[in-house]
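Undergrad: Below is the file final.txt, which contains compact mmCIF, C-alpha atoms.
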```txt
# COMPACT_ATOMS: atom_id res chain seq x y z
CA MET A 1 0.00 0.00 0.00
CA ALA A 2 1.54 3.30 -1.11
CA LYS A 3 1.87 5.94 1.60
CA ILE A 4 0.83 9.34 0.24
CA ILE A 5 0.85 12.72 1.97
CA VAL A 6 -1.47 15.39 0.58
CA VAL A 7 -0.71 19.00 1.52
CA GLY A 8 -3.52 21.28 0.44
CA SER A 9 -6.96 22.76 0.70
CA SER A 10 -10.21 21.47 2.11
CA SER A 11 -13.54 23.13 1.48
CA ILE A 12 -17.26 22.75 1.06
CA ASP A 13 -18.46 23.09 -2.53
CA LEU A 14 -21.69 25.05 -3.05
CA VAL A 15 -22.88 23.73 -6.39
CA VAL A 16 -25.56 25.21 -8.64
CA THR A 17 -26.67 23.55 -11.87
CA SER A 18 -28.20 25.61 -14.65
CA SER A 19 -28.94 25.21 -18.34
CA LYS A 20 -27.34 28.61 -18.99
CA ARG A 21 -24.26 30.29 -17.59
CA PRO A 22 -25.00 33.88 -16.45
CA GLY A 23 -23.08 36.71 -18.06
CA ALA A 24 -21.97 39.87 -16.27
CA GLY A 25 -24.99 41.55 -14.67
CA GLU A 26 -27.30 38.71 -15.72
CA THR A 27 -29.61 36.60 -13.54
CA VAL A 28 -30.65 33.13 -14.66
CA LEU A 29 -32.76 30.43 -13.02
CA GLY A 30 -30.91 27.45 -11.60
CA GLU A 31 -32.13 23.87 -11.63
CA SER A 32 -30.62 22.49 -8.41
CA PHE A 33 -28.34 23.31 -5.47
CA LYS A 34 -26.14 21.01 -3.39
CA THR A 35 -23.39 21.31 -0.78
CA VAL A 36 -20.66 18.68 -1.07
CA PRO A 37 -17.11 18.28 0.31
CA GLY A 38 -14.37 19.61 -1.97
CA GLY A 39 -11.12 21.53 -2.16
CA LYS A 40 -8.34 20.37 -4.46
CA GLY A 41 -6.27 18.92 -1.64
CA ALA A 42 -9.20 17.10 -0.05
CA ASN A 43 -10.38 15.84 -3.43
CA GLN A 44 -6.98 14.37 -4.22
CA ALA A 45 -6.69 12.82 -0.75
CA VAL A 46 -10.09 11.13 -1.02
CA ALA A 47 -9.41 9.94 -4.57
CA ALA A 48 -6.05 8.44 -3.59
CA ALA A 49 -7.58 6.67 -0.58
CA ARG A 50 -10.35 5.19 -2.71
CA LEU A 51 -7.69 3.90 -5.09
CA GLY A 52 -6.02 1.97 -2.29
CA ALA A 53 -3.36 4.30 -0.88
CA ASP A 54 -2.60 4.98 2.78
CA VAL A 55 -3.35 8.73 2.78
CA THR A 56 -2.60 11.45 5.32
CA MET A 57 -3.97 14.96 4.82
CA ILE A 58 -2.15 18.08 6.00
CA GLY A 59 -4.52 21.07 6.04
CA ARG A 60 -6.71 23.42 8.07
CA VAL A 61 -10.46 23.90 8.45
CA GLY A 62 -12.60 26.37 10.37
CA ASP A 63 -14.09 25.60 13.76
CA ASP A 64 -17.55 25.55 12.20
CA THR A 65 -20.19 23.26 10.76
CA PHE A 66 -18.45 23.09 7.39
CA GLY A 67 -15.19 22.12 9.11
CA GLU A 68 -16.93 19.33 11.00
CA THR A 69 -18.44 18.06 7.74
CA ILE A 70 -15.02 18.10 6.04
CA LEU A 71 -13.39 16.13 8.88
CA ASN A 72 -16.20 13.56 8.97
CA ASN A 73 -15.90 13.10 5.23
CA PHE A 74 -12.17 12.42 5.51
CA LYS A 75 -12.80 9.80 8.17
CA LYS A 76 -15.54 8.18 6.10
CA ASN A 77 -13.07 7.85 3.22
CA HIS A 78 -10.24 6.51 5.42
CA VAL A 79 -8.04 9.61 5.15
CA SER A 80 -6.01 10.35 8.28
CA THR A 81 -6.94 13.74 9.80
CA ARG A 82 -4.20 13.80 12.45
CA TYR A 83 -2.71 16.86 10.74
CA VAL A 84 -5.95 18.69 9.86
CA GLU A 85 -6.32 21.23 12.66
CA PRO A 86 -9.39 23.50 13.05
CA VAL A 87 -8.78 27.23 13.50
CA THR A 88 -11.15 29.45 15.47
CA HIS A 89 -10.43 32.83 13.86
CA MET A 90 -11.44 31.95 10.30
CA GLU A 91 -14.23 30.07 8.53
CA SER A 92 -13.72 26.91 6.48
CA GLY A 93 -12.88 27.29 2.81
CA THR A 94 -15.66 27.27 0.24
CA ALA A 95 -15.90 26.86 -3.53
CA HIS A 96 -18.86 28.32 -5.42
CA ILE A 97 -19.48 26.25 -8.52
CA VAL A 98 -21.82 26.80 -11.46
CA LEU A 99 -22.41 23.75 -13.66
CA ALA A 100 -23.77 24.85 -17.03
CA GLU A 101 -23.45 24.00 -20.71
CA GLY A 102 -21.36 20.89 -20.03
CA ASP A 103 -18.62 22.57 -18.00
CA ASN A 104 -17.98 24.36 -14.70
CA SER A 105 -17.05 27.83 -13.45
CA ILE A 106 -15.60 28.10 -9.94
CA VAL A 107 -14.90 30.86 -7.41
CA VAL A 108 -12.74 29.70 -4.47
CA VAL A 109 -12.66 31.40 -1.06
CA LYS A 110 -9.57 30.02 0.68
CA ALA A 111 -10.34 31.20 4.25
CA ALA A 112 -8.84 28.62 6.71
CA ASN A 113 -6.74 27.17 3.91
CA ASN A 114 -4.58 30.31 4.18
CA GLU A 115 -3.47 28.93 7.56
CA VAL A 116 -1.61 26.05 5.91
CA THR A 117 1.62 27.93 6.47
CA PRO A 118 5.30 26.91 6.36
CA ALA A 119 5.30 26.95 10.17
CA TYR A 120 2.34 24.54 10.18
CA ILE A 121 4.22 22.24 7.80
CA ASP A 122 7.17 22.24 10.20
CA GLN A 123 4.79 21.21 13.00
CA SER A 124 3.63 18.31 10.82
CA LEU A 125 6.99 16.90 9.70
CA ASP A 126 6.32 13.56 11.41
CA ALA A 127 3.76 12.91 8.70
CA PHE A 128 6.48 12.79 6.04
CA GLU A 129 8.23 9.79 7.58
CA ASP A 130 8.29 6.83 5.16
CA ALA A 131 6.11 8.67 2.61
CA ASP A 132 6.26 7.31 -0.94
CA MET A 133 4.85 10.47 -2.49
CA VAL A 134 3.76 13.98 -1.50
CA MET A 135 1.06 15.81 -3.45
CA ILE A 136 0.47 19.56 -3.39
CA GLN A 137 -1.68 22.13 -5.21
CA GLN A 138 -2.05 25.92 -5.15
CA GLU A 139 -5.14 26.71 -3.08
CA ILE A 140 -2.78 27.35 -0.16
CA PRO A 141 -0.16 30.11 0.29
CA VAL A 142 2.58 30.19 -2.35
CA GLU A 143 5.30 30.27 0.30
CA THR A 144 3.98 26.98 1.65
CA VAL A 145 4.28 25.35 -1.77
CA THR A 146 7.88 26.54 -1.93
CA HIS A 147 8.59 25.30 1.59
CA VAL A 148 7.09 21.86 0.99
CA SER A 149 9.16 21.52 -2.19
CA LYS A 150 12.30 22.15 -0.14
CA VAL A 151 11.24 19.68 2.55
CA CYS A 152 10.62 16.97 -0.05
CA LYS A 153 13.95 17.64 -1.73
CA ARG A 154 15.76 17.46 1.61
CA LEU A 155 14.00 14.24 2.62
CA ASN A 156 14.30 12.73 -0.89
CA ILE A 157 10.54 12.24 -1.23
CA PRO A 158 9.00 12.57 -4.73
CA LEU A 159 6.72 15.61 -4.97
CA LEU A 160 3.83 15.75 -7.41
CA LEU A 161 2.93 19.39 -7.99
CA ASN A 162 -0.49 20.11 -9.47
CA PRO A 163 -0.11 23.86 -10.23
CA ALA A 164 -3.78 24.76 -9.94
CA PRO A 165 -5.11 27.38 -9.69
CA ALA A 166 -2.54 28.76 -12.10
CA ARG A 167 0.11 31.20 -10.90
CA ALA A 168 3.77 31.73 -11.66
CA LEU A 169 6.22 29.66 -9.63
CA GLU A 170 9.85 30.09 -8.66
CA ASP A 171 12.32 28.01 -10.67
CA GLU A 172 13.36 26.34 -7.41
CA VAL A 173 9.88 24.85 -6.95
CA ILE A 174 9.83 23.47 -10.48
CA HIS A 175 13.32 22.05 -9.94
CA ASN A 176 12.37 20.43 -6.63
CA ALA A 177 9.19 18.78 -7.91
CA GLU A 178 9.49 15.29 -9.34
CA TYR A 179 6.28 15.57 -11.38
CA ILE A 180 4.33 18.64 -12.55
CA THR A 181 0.80 18.27 -13.94
CA PRO A 182 -0.65 21.52 -15.37
CA ASN A 183 -3.49 21.71 -17.84
CA GLU A 184 -2.91 23.69 -21.04
CA HIS A 185 -3.91 27.03 -19.49
CA GLU A 186 -1.76 26.49 -16.42
CA ALA A 187 1.21 25.45 -18.57
CA GLU A 188 1.02 28.76 -20.48
CA ILE A 189 1.29 30.67 -17.20
CA LEU A 190 4.07 28.47 -15.80
CA PHE A 191 6.18 28.53 -18.95
CA SER A 192 5.24 31.90 -20.43
CA GLY A 193 6.62 32.38 -23.92
CA LEU A 194 7.87 28.80 -24.18
CA PRO A 195 6.14 26.62 -26.80
CA VAL A 196 4.58 23.46 -25.39
CA SER A 197 6.96 21.15 -27.24
CA GLU A 198 9.98 23.02 -25.87
CA ALA A 199 8.64 22.98 -22.31
CA LEU A 200 8.05 19.24 -22.54
CA ARG A 201 11.55 18.59 -23.87
CA LYS A 202 13.03 20.73 -21.11
CA TYR A 203 11.38 18.52 -18.46
CA PRO A 204 11.34 14.91 -19.75
CA ASN A 205 9.21 12.49 -17.70
CA LYS A 206 8.52 15.37 -15.34
CA LEU A 207 6.07 17.71 -17.07
CA PHE A 208 2.69 16.16 -17.90
CA ILE A 209 0.23 18.50 -19.61
CA THR A 210 -3.41 17.45 -19.38
CA GLU A 211 -5.44 18.33 -22.46
CA GLY A 212 -8.96 17.40 -21.38
CA SER A 213 -10.68 15.01 -23.75
CA ASN A 214 -7.57 14.89 -25.93
CA GLY A 215 -5.42 13.16 -23.32
CA VAL A 216 -2.11 13.82 -21.55
CA ARG A 217 1.11 14.89 -23.26
CA TYR A 218 4.70 14.45 -22.06
CA PHE A 219 8.23 13.91 -23.40
CA ASP A 220 9.77 10.54 -22.50
CA GLY A 221 13.37 11.52 -23.22
CA ALA A 222 13.26 10.39 -26.84
CA LYS A 223 9.88 11.45 -28.21
CA GLU A 224 6.73 13.35 -27.37
CA VAL A 225 3.97 11.04 -26.16
CA LEU A 226 0.21 11.62 -26.13
CA VAL A 227 -1.69 9.22 -23.90
CA PRO A 228 -5.28 9.39 -25.15
CA SER A 229 -8.16 9.88 -22.75
CA TYR A 230 -11.15 7.55 -22.49
CA GLN A 231 -14.28 8.95 -24.11
CA VAL A 232 -17.35 8.97 -21.87
CA GLU A 233 -20.54 10.99 -21.52
CA ALA A 234 -19.75 13.60 -18.86
CA VAL A 235 -22.27 14.42 -16.12
CA ASP A 236 -20.01 16.65 -13.98
CA THR A 237 -16.37 17.46 -14.79
CA THR A 238 -15.67 18.93 -11.32
CA GLY A 239 -12.87 16.95 -9.70
CA ALA A 240 -11.72 15.15 -12.86
CA GLY A 241 -8.29 16.76 -12.68
CA ASP A 242 -8.00 15.92 -8.98
CA THR A 243 -8.88 12.30 -9.70
CA PHE A 244 -6.25 12.19 -12.45
CA ASN A 245 -3.56 13.57 -10.14
CA ALA A 246 -4.43 11.20 -7.31
CA ALA A 247 -4.48 8.16 -9.57
CA PHE A 248 -1.22 9.22 -11.22
CA ALA A 249 0.42 9.60 -7.81
CA VAL A 250 -0.86 6.24 -6.57
CA ALA A 251 0.35 4.41 -9.67
CA LEU A 252 3.78 6.06 -9.58
CA ALA A 253 4.14 5.44 -5.84
CA GLU A 254 3.39 1.77 -6.46
CA GLY A 255 6.24 1.62 -8.99
CA LYS A 256 4.23 1.50 -12.23
CA PRO A 257 6.00 2.78 -15.38
CA VAL A 258 5.17 6.35 -16.42
CA TYR A 259 3.05 5.47 -19.46
CA GLU A 260 1.00 2.89 -17.53
CA SER A 261 0.59 5.37 -14.67
CA VAL A 262 -0.86 7.97 -17.05
CA ARG A 263 -3.22 5.39 -18.58
CA PHE A 264 -4.41 4.37 -15.12
CA ALA A 265 -4.96 8.03 -14.20
CA ASN A 266 -6.83 8.75 -17.45
CA ARG A 267 -9.15 5.82 -16.80
CA ALA A 268 -9.86 6.94 -13.23
CA ALA A 269 -10.53 10.52 -14.39
CA SER A 270 -12.91 9.33 -17.12
CA LEU A 271 -14.94 7.39 -14.57
CA SER A 272 -15.08 10.37 -12.21
CA VAL A 273 -16.99 12.59 -14.64
CA THR A 274 -19.86 10.13 -15.04
CA LYS A 275 -21.34 11.03 -11.62
CA PHE A 276 -22.22 14.23 -9.78
CA GLY A 277 -19.84 16.01 -7.39
CA ALA A 278 -16.10 16.48 -7.18
CA GLN A 279 -15.81 13.50 -4.86
CA GLY A 280 -19.10 11.79 -5.64
CA GLY A 281 -17.83 10.24 -8.85
CA MET A 282 -14.34 9.30 -7.71
CA PRO A 283 -13.91 5.57 -8.40
CA VAL A 284 -12.54 2.84 -6.16
CA ARG A 285 -9.61 0.73 -7.31
CA GLU A 286 -11.69 -2.21 -8.52
CA GLU A 287 -13.78 0.03 -10.80
CA VAL A 288 -10.69 1.41 -12.53
CA GLU A 289 -8.96 -1.94 -12.97
CA ALA A 290 -12.15 -3.49 -14.35
CA GLN A 291 -12.18 -0.85 -17.12
CA MET A 292 -8.47 -0.91 -18.04
```
If you convert what's in this file into structure tokens, what do you get?
TA:
Amino acid sequence: MAKIIVVGSSSIDLVVTSSKRPGAGETVLGESFKTVPGGKGANQAVAAARLGADVTMIGRVGDDTFGETILNNFKKNHVSTRYVEPVTHMESGTAHIVLAEGDNSIVVVKAANNEVTPAYIDQSLDAFEDADMVMIQQEIPVETVTHVSKVCKRLNIPLLLNPAPARALEDEVIHNAEYITPNEHEAEILFSGLPVSEALRKYPNKLFITEGSNGVRYFDGAKEVLVPSYQVEAVDTTGAGDTFNAAFAVALAEGKPVYESVRFANRAASLSVTKFGAQGGMPVREEVEAQM
């Protein structure tokens, strides 16, 4: 069983479905409203646990009803919450999601996730012992991402960096990460002015650009490789990228070759979009292997 540490955000997703996405100054009628657990860090932790990993989450929640819901959801999905500490001076993070016209628009309020600081990481260093992989995203302070990258480099633990939401990163962070998984938009921000093919060649078997329904592209040291996605009828794309990252991390941590790890992750992500909710559609290991 791979031991994976997830450093990142936890939130409650407030999800509205509508047949039409509102424009600026426009009001439209929605069709449904749900509150579900989310946050990129929490999503990836839950997905990895469902795929068979031993997962520990490092994060913060508010001392409120949403925080209690987030912690209970972790426990239900067998994610260790030893390093998820409630804070009293700030509310839990929320994500406000509109599902319309086959895609999603999201506004994230980080709130307690801003308290995942470098100092908090230093208080949680015991969690890194014997870890096979650390995963991190960017819904927490940028200085924490930098700090975790240094910790992983010092401890010789592979770091999978999912640079979402997109923002520029220091070269040191990119250097310290073992794997980087931006989508096309995020890659443009990370490697501004550098054509995709050049960025891939610069980071062989390290940079994996997800291209939605097209698949995942990387450079294997000799040639550019496109691993095609699995075509399904999407119900809700929220959390598909988080499922991909979690599955990719689990496969790599278990020692699978890169190409097979991407295929496994693509299959898991394709299954995740066939059900509602960022975490609601995340598959268990048996579901993915049955479809490979």
Undergrad: Dig up all the protein and nucleic acid residues within 10 Å of (0.3, 30.0, -3.2) in the file frame, using all atoms listed in the file, and format them as a ChimeraX atom specification.
TA: /A:114,117,137-146,163-169
Undergrad: Hey, which of A:Ser105, A:Thr238, A:Ser197, A:Asn266 ends up closest to A:Tyr218? Count only C-alpha atoms.
TA: A:Ser197
Undergrad: Residues near A:Lys223, anyone? I mean within 10 Å using only C-alpha atoms, not counting same-chain ones fewer than 5 positions away, as a list in words.
TA: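 These residues fall inside the cut-off: Leu200, Arg201, Pro204 and Tyr218 of chain A.
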Undergrad: Ranking A:Ile174, A:Val196, A:Met133, A:Val15 by minimum distance to A:Ala249 and counting only C-alpha atoms, which one comes first?
TA: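 Closest candidate: A:Met133.
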Undergrad: What's the 10 Å shell around A:Leu161, counting all atoms listed in the file, without same-chain residues fewer than 4 positions away, as a ChimeraX atom specification?
TA: /A:134-138,145,149,173-174,176-182,207,245
Undergrad: When you count all atoms listed in the file, which of these residues is closest to A:Leu271: A:Ala47, A:Val84, A:Cys152, A:Ile70?
TA: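 Closest to A:Leu271, using all atoms listed in the file: A:Ala47.
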Undergrad: Hey, can you check how far atom CA of A:Ala234 sits from atom CA of A:Asn73?
TA: 24.4 Å
Undergrad: Measuring between all atoms listed in the file, which one of A:Asn113, A:Ala95, A:Phe128, A:Asp171 shows the shortest distance to A:Arg154?
TA: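 Among the listed residues, A:Phe128 lies closest to A:Arg154.
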Undergrad: With distances taken over all atoms listed in the file, which residue among A:Ile106, A:Ala127, A:Ala247, A:Val232 lies nearest A:Ile58?
TA: A:Ala127
Undergrad: What is the distance, in Å and to one decimal place, between atom CA of A:Leu160 and atom CA of A:Thr210?
TA: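 Atom CA of A:Leu160 sits 14.1 Å away from atom CA of A:Thr210.
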Undergrad: Might you pull out every residue within 12 Å of A:Gly52, with all atoms listed in the file counted and same-chain residues fewer than 5 positions away left off, and present them as a PyMOL selection string?
TA: chain A and resi 1-4+45-47+77-79+246-247+249-251+253-254+283-289
Undergrad: Once 6 Å is added on each side, what centre and edge lengths in Å to one decimal does the axis-aligned box around all listed atoms of stretch 128-142 of chain A have, as JSON?
TA:
```
{"center_x": 1.6, "center_y": 18.5, "center_z": 1.2, "size_x": 25.4, "size_y": 35.4, "size_z": 24.8}
```
Undergrad: Of the candidates A:Asn205, A:Asn214, A:Ser124, A:Gln291, which shows the shortest atom-to-atom distance to A:Tyr259, using all atoms listed in the file?
TA: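 Once distances to A:Tyr259 are computed over all atoms listed in the file, the minimum belongs to A:Asn205.
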